Amino acid sequence: QIPVHYMTMEINELEERAKAVKSRLGDRLFILGHHYQKDEVFQFSDATGDSLQLAQIAAANRKAEFIVFCGVHFMAETADILTTNDQKVYLPDMRAGCSMADMADIYETNRAWNALTQTFGETIIPLTYVNSTAAIKAFVGEHGGATVTSSNAEQLVEWALTKKERLLFLPDQHLGRNTAYKLGIPLEHMAIWDPIQNDLLFEGDLEKVTVILWKGHCSVHENFTTANIENIRKKHPDMKVIVHPECSREVVALSDMAGSTNFIITEIEQALPGTSFAVGTEMNLVNRMIQNHPDKHIISLNPYMCACLTMNRIDLPHLVWCLESLEDGFASNRIIVEEAIANKARHALNKMLQQ
Ligand code: 13P
Ligand code: SF4
C-alpha cells in the first residue's frame, strides 16, 4: 500500500514531482515502459518497447543505478537478472503480476518434467515464454533450453528442434501452438500438458508428438474471439484484422496478420493513410495507436476493449511514490532475484539474446 496522499494528489502535482525526481537523478535513473502501460506513466519512460526490446535495453544499460520497470513483475525480474549487482530494479506496484506467468509454478513444472521424461526419455528440451517466473527460467536454463518472446519464438522453436526431437513450451499454449503451426508442425503432432490434471492430453500417435504445450494462456488475449472477427468482416469488409499470437489458433487463423507487439506497431505505422485495422491486443496500446495515427481507422477487435488489469496497476501515484522513495533510500519495492536462480535463468535469457 502506498501512502494515501499520493492517491489523492492532483495530476499536475504528480507530473511535476515525477519530472523533478528525473531531473535530480539524471543518468542515475532509467525508466523502462512496456507498450501496454497507461499514457500517464508511459510518458515518463526513458525507453519504451515490447518484452524483447526492453530486455535488450536493460541488458545494455550499465550506467543507471536505479532502474524503474513500468511493466509487470516477470519483466522486472528479467531486468534484475540481466543488469549488474550494483544496479537496483524497482517495480512501482508489487501487485503488477501476470496471470499467465502464474499459470506455471516450479513445483508443477518439475512434476511435469518427471512425468514427461519418463514417457519420452531424454528427447525433450524446454522453452519458456519470458512471461514466466525467474524460477521457471532457471529450470529451463538448467535443462539446456532458452526463453522466447513473441518476437523471436519462431527462431527459438526452430533452434530447439535442432537440439532435441521434441520441446516443452511454457506457459502459453497459444504462442506455442501458433508458432509451431507457422513452422509447419501439424496440430496432431502437438500435445497439451495439463498441470491441474497432471496429465498429457493428445489425440493420435504419441511417438509423433513434437511440441508439448503447457496449458496456460493470457487472460487478456483470450478475450478476442472468432465471433469478434466475423462481426468485423460483416460490418467493415475492408478492415484488416491484426492480432497478437497470444490469441487462440482459431482467432489467428481467421485474422489477416498475427505477430508480436513490435510487429503490430510497425505494420500499422507503415500502412498507407486511410487503411483500417481491427487490432487484437491490449487496450492501452490500441488506444495509443488510435491517437498516434489519426490518418488511419483503428479500432479494437473486441468492442469492450481488453485491458490487462495488472499492467494497469502501475499508475502515476505509484510511479511517483516509487521514484521519491528510491531517491530517499526507503523504497520497499525492489525486485531481487536470488543469485542461484538468476545464474541459471541468465543462461536461458542469454541464449535468446544471442539468437
Ligand atoms: P510482447 O511484449 O512480447 O509482445 O508480449 C506481450 C505481453 O503480453 C506482455 O505481457
Ligand atoms: Fe500477462 Fe497477458 Fe497481461 Fe501480458 S497482457 S502481462 S501476458 S496477463
# chains A, B, ... in the order shown; residues from 1 in each chain; ligands from 1
call {"tool": "closest_atom_pairs", "arguments": {"of": "chain A", "to": "ligand 1", "cutoff": "9 Å", "atoms": "only C-alpha atoms and all ligand atoms", "output": "tab-separated table"}}
result
residue	atom	partner	partner_atom_place_in_ligand_line	distance
A:His34	CA	ligand 1	2 (O)	7.1
A:His35	CA	ligand 1	2 (O)	7.3
A:Tyr36	CA	ligand 1	9 (C)	7.4
A:Gly49	CA	ligand 1	2 (O)	7.3
A:Asp50	CA	ligand 1	2 (O)	3.6
A:Ser51	CA	ligand 1	2 (O)	3.9
A:Leu52	CA	ligand 1	3 (O)	6.0
A:Gln53	CA	ligand 1	2 (O)	8.1
A:Leu54	CA	ligand 1	2 (O)	8.5
A:Gly71	CA	ligand 1	10 (O)	7.9
A:Val72	CA	ligand 1	10 (O)	7.2
A:Phe74	CA	ligand 1	10 (O)	8.7
A:Met75	CA	ligand 1	10 (O)	8.2
A:Cys98	CA	ligand 1	10 (O)	7.2
A:Met100	CA	ligand 1	10 (O)	8.5
A:Tyr129	CA	ligand 1	3 (O)	8.5
A:Val130	CA	ligand 1	3 (O)	7.8
A:Asn131	CA	ligand 1	10 (O)	6.3
A:Val148	CA	ligand 1	3 (O)	8.6
A:Thr149	CA	ligand 1	3 (O)	4.8
A:Ser150	CA	ligand 1	3 (O)	4.6
A:Ser151	CA	ligand 1	3 (O)	6.2
A:Asn152	CA	ligand 1	3 (O)	8.9
A:Cys218	CA	ligand 1	8 (O)	7.1
A:Val220	CA	ligand 1	8 (O)	8.1
A:His221	CA	ligand 1	8 (O)	8.0
A:His244	CA	ligand 1	4 (O)	7.2
A:Pro245	CA	ligand 1	4 (O)	8.5
A:Glu246	CA	ligand 1	8 (O)	7.3
A:Gly259	CA	ligand 1	4 (O)	8.0
A:Ser260	CA	ligand 1	4 (O)	4.4
A:Thr261	CA	ligand 1	4 (O)	3.9
A:Asn262	CA	ligand 1	4 (O)	6.6
A:Phe263	CA	ligand 1	4 (O)	8.4
A:Ile264	CA	ligand 1	4 (O)	8.9
A:Thr281	CA	ligand 1	6 (C)	8.4
A:Glu282	CA	ligand 1	8 (O)	7.8
A:Cys308	CA	ligand 1	10 (O)	8.5
A:Met311	CA	ligand 1	10 (O)	8.0
call {"tool": "residues_around", "arguments": {"residues": "range 288-293 of chain A", "least_positions_apart": "2", "cutoff": "12 Å", "atoms": "only C-alpha atoms", "output": "PDB file with C-alpha atoms, in the first residue's frame"}}
result
ATOM      1  CA  HIS A  35       3.798  -0.609 -24.649  1.00  0.00           C
ATOM      2  CA  TYR A  36       0.834  -1.845 -22.562  1.00  0.00           C
ATOM      3  CA  GLN A  37       1.382   0.834 -19.900  1.00  0.00           C
ATOM      4  CA  LYS A  38      -1.012   3.708 -19.323  1.00  0.00           C
ATOM      5  CA  ASP A  39      -0.093   7.013 -21.012  1.00  0.00           C
ATOM      6  CA  GLU A  40       0.196   8.771 -17.637  1.00  0.00           C
ATOM      7  CA  PHE A  42       4.441   5.758 -20.368  1.00  0.00           C
ATOM      8  CA  GLN A  43       5.211   9.483 -20.924  1.00  0.00           C
ATOM      9  CA  THR A 261       3.660  -6.178 -30.215  1.00  0.00           C
ATOM     10  CA  ILE A 264       1.678  -4.886 -34.820  1.00  0.00           C
ATOM     11  CA  ILE A 265       3.065  -1.388 -34.172  1.00  0.00           C
ATOM     12  CA  THR A 266       5.305  -1.496 -37.269  1.00  0.00           C
ATOM     13  CA  GLU A 267       2.585  -2.856 -39.586  1.00  0.00           C
ATOM     14  CA  ILE A 268       0.198  -0.086 -38.536  1.00  0.00           C
ATOM     15  CA  GLU A 269       2.877   2.624 -38.733  1.00  0.00           C
ATOM     16  CA  GLN A 270       3.874   1.553 -42.241  1.00  0.00           C
ATOM     17  CA  ALA A 271       0.351   1.148 -43.644  1.00  0.00           C
ATOM     18  CA  LEU A 272      -0.903   3.689 -46.161  1.00  0.00           C
ATOM     19  CA  PRO A 273      -3.103   6.535 -44.861  1.00  0.00           C
ATOM     20  CA  GLY A 274      -6.740   5.504 -44.921  1.00  0.00           C
ATOM     21  CA  THR A 275      -6.018   1.860 -44.077  1.00  0.00           C
ATOM     22  CA  SER A 276      -8.314   0.444 -41.417  1.00  0.00           C
ATOM     23  CA  PHE A 277      -7.402  -2.082 -38.713  1.00  0.00           C
ATOM     24  CA  ALA A 278      -9.199  -4.078 -36.035  1.00  0.00           C
ATOM     25  CA  VAL A 279      -6.491  -4.846 -33.506  1.00  0.00           C
ATOM     26  CA  THR A 281      -4.143  -6.714 -28.361  1.00  0.00           C
ATOM     27  CA  GLU A 282      -4.051  -4.817 -25.083  1.00  0.00           C
ATOM     28  CA  MET A 283      -6.240  -1.729 -24.761  1.00  0.00           C
ATOM     29  CA  ASN A 284      -3.649   0.897 -23.764  1.00  0.00           C
ATOM     30  CA  LEU A 285      -1.590   0.089 -26.844  1.00  0.00           C
ATOM     31  CA  VAL A 286      -4.648   0.104 -29.128  1.00  0.00           C
ATOM     32  CA  ASP A 295      -4.875   9.198 -40.728  1.00  0.00           C
ATOM     33  CA  LYS A 296      -5.862   5.524 -40.223  1.00  0.00           C
ATOM     34  CA  HIS A 297      -9.068   3.964 -38.934  1.00  0.00           C
ATOM     35  CA  ILE A 298      -8.117   1.815 -35.942  1.00  0.00           C
ATOM     36  CA  ILE A 299     -10.482   0.026 -33.567  1.00  0.00           C
ATOM     37  CA  SER A 300     -10.154  -2.761 -31.026  1.00  0.00           C
TER      38      SER A 300
END
call {"tool": "atom_distance", "arguments": {"atom1": "CA of Thr310 in chain A", "atom2": "CA of Asp102 in chain A"}}
result
12.1 Å
call {"tool": "atom_distance", "arguments": {"atom1": "CA of Leu316 in chain A", "atom2": "CA of Val41 in chain A"}}
result
5.6 Å
call {"tool": "closest_residue", "arguments": {"among": "A:Gln354, A:Gln197, A:Asn223, A:Asn343", "to": "Asp80 in chain A", "atoms": "only C-alpha atoms"}}
result
A:Asn343
call {"tool": "closest_residue", "arguments": {"among": "A:Lys208, A:Gly184, A:Phe202, A:Gln173", "to": "Phe120 in chain A", "atoms": "only C-alpha atoms"}}
result
A:Lys208
call {"tool": "select_by_dssp", "arguments": {"residues": "range 142-327 of chain A", "states": "helix (DSSP H, G or I)", "output": "PyMOL selection string"}}
result
chain A and resi 142+153-163+173-182+187-189+206-208+221-223+226-235+249-254+261-270+283-292+311-313+316-327
call {"tool": "residues_around", "arguments": {"residues": "Thr83 in chain A", "least_positions_apart": "5", "cutoff": "8 Å", "atoms": "only C-alpha atoms", "output": "ChimeraX atom specification"}}
result
/A:58-59,61-62
call {"tool": "residues_around", "arguments": {"residues": "Asn12 in chain A", "least_positions_apart": "4", "cutoff": "12 Å", "atoms": "only C-alpha atoms", "output": "PyMOL selection string"}}
result
chain A and resi 8+16-19+40+316-317+320
call {"tool": "atom_distance", "arguments": {"atom1": "CA of Met352 in chain A", "atom2": "CA of Pro92 in chain A"}}
result
26.8 Å
call {"tool": "closest_residue", "arguments": {"among": "A:Ala76, A:Ala64, A:Ile336, A:Ile242", "to": "ligand 2", "atoms": "only C-alpha atoms and all ligand atoms"}}
result
A:Ala76
call {"tool": "residues_around", "arguments": {"residues": "Pro126 in chain A", "least_positions_apart": "2", "cutoff": "7 Å", "atoms": "only C-alpha atoms", "output": "VMD selection string"}}
result
chain A and resid 124 128 140 143 145 167 to 169
call {"tool": "write_last_selection", "arguments": {"atoms": "C-alpha atoms", "output": "JSON list (two decimals), in the first residue's frame"}}
result
[["chain", "number", "residue", "atom", "x", "y", "z"],
["A", 124, "ILE", "CA", 12.77, -33.08, -24.70],
["A", 128, "THR", "CA", 9.69, -20.72, -21.86],
["A", 140, "VAL", "CA", 14.71, -24.01, -18.49],
["A", 143, "HIS", "CA", 17.87, -28.15, -18.79],
["A", 145, "GLY", "CA", 16.66, -24.58, -23.06],
["A", 167, "LEU", "CA", 10.07, -29.49, -26.91],
["A", 168, "LEU", "CA", 8.04, -28.45, -23.90],
["A", 169, "PHE", "CA", 6.70, -24.89, -24.38]]
call {"tool": "closest_residue", "arguments": {"among": "A:Asp256, A:Glu327, A:Phe69, A:Ala227", "to": "Arg24 in chain A", "atoms": "only C-alpha atoms"}}
result
A:Glu327
call {"tool": "select_by_dssp", "arguments": {"residues": "range 91-223 of chain A", "states": "strand (DSSP E or B)", "output": "PyMOL selection string"}}
result
chain A and resi 124-129+146-148+166-170+190-194+199-201+211-214
call {"tool": "write_last_selection", "arguments": {"atoms": "C-alpha atoms", "output": "mmCIF file, in the first residue's frame"}}
result
data_model
loop_
_atom_site.group_PDB
_atom_site.id
_atom_site.type_symbol
_atom_site.label_atom_id
_atom_site.label_comp_id
_atom_site.auth_asym_id
_atom_site.auth_seq_id
_atom_site.Cartn_x
_atom_site.Cartn_y
_atom_site.Cartn_z
ATOM 1 C CA ILE A 124 12.774 -33.080 -24.703
ATOM 2 C CA ILE A 125 14.143 -29.548 -24.459
ATOM 3 C CA PRO A 126 12.198 -26.862 -22.544
ATOM 4 C CA LEU A 127 11.461 -23.362 -23.864
ATOM 5 C CA THR A 128 9.692 -20.715 -21.861
ATOM 6 C CA TYR A 129 7.986 -17.545 -22.946
ATOM 7 C CA ALA A 146 16.009 -20.894 -23.745
ATOM 8 C CA THR A 147 13.485 -18.156 -23.166
ATOM 9 C CA VAL A 148 11.490 -16.741 -26.078
ATOM 10 C CA ARG A 166 10.592 -32.554 -29.055
ATOM 11 C CA LEU A 167 10.071 -29.494 -26.910
ATOM 12 C CA LEU A 168 8.040 -28.445 -23.896
ATOM 13 C CA PHE A 169 6.703 -24.892 -24.380
ATOM 14 C CA LEU A 170 5.802 -22.988 -21.176
ATOM 15 C CA MET A 190 1.141 -31.229 -30.611
ATOM 16 C CA ALA A 191 0.040 -32.355 -27.151
ATOM 17 C CA ILE A 192 -1.069 -30.371 -24.122
ATOM 18 C CA TRP A 193 0.336 -30.751 -20.641
ATOM 19 C CA ASP A 194 -2.443 -30.034 -18.138
ATOM 20 C CA ASP A 199 -1.669 -35.312 -17.459
ATOM 21 C CA LEU A 200 -0.687 -35.218 -21.119
ATOM 22 C CA LEU A 201 -3.658 -34.630 -23.415
ATOM 23 C CA VAL A 211 5.575 -29.982 -29.297
ATOM 24 C CA ILE A 212 4.176 -30.262 -25.766
ATOM 25 C CA LEU A 213 2.206 -27.135 -24.868
ATOM 26 C CA TRP A 214 1.763 -26.063 -21.253
#
call {"tool": "closest_residue", "arguments": {"among": "A:Ser45, A:Ser99, A:Gln87, A:Thr225", "to": "ligand 2", "atoms": "only C-alpha atoms and all ligand atoms"}}
result
A:Ser99
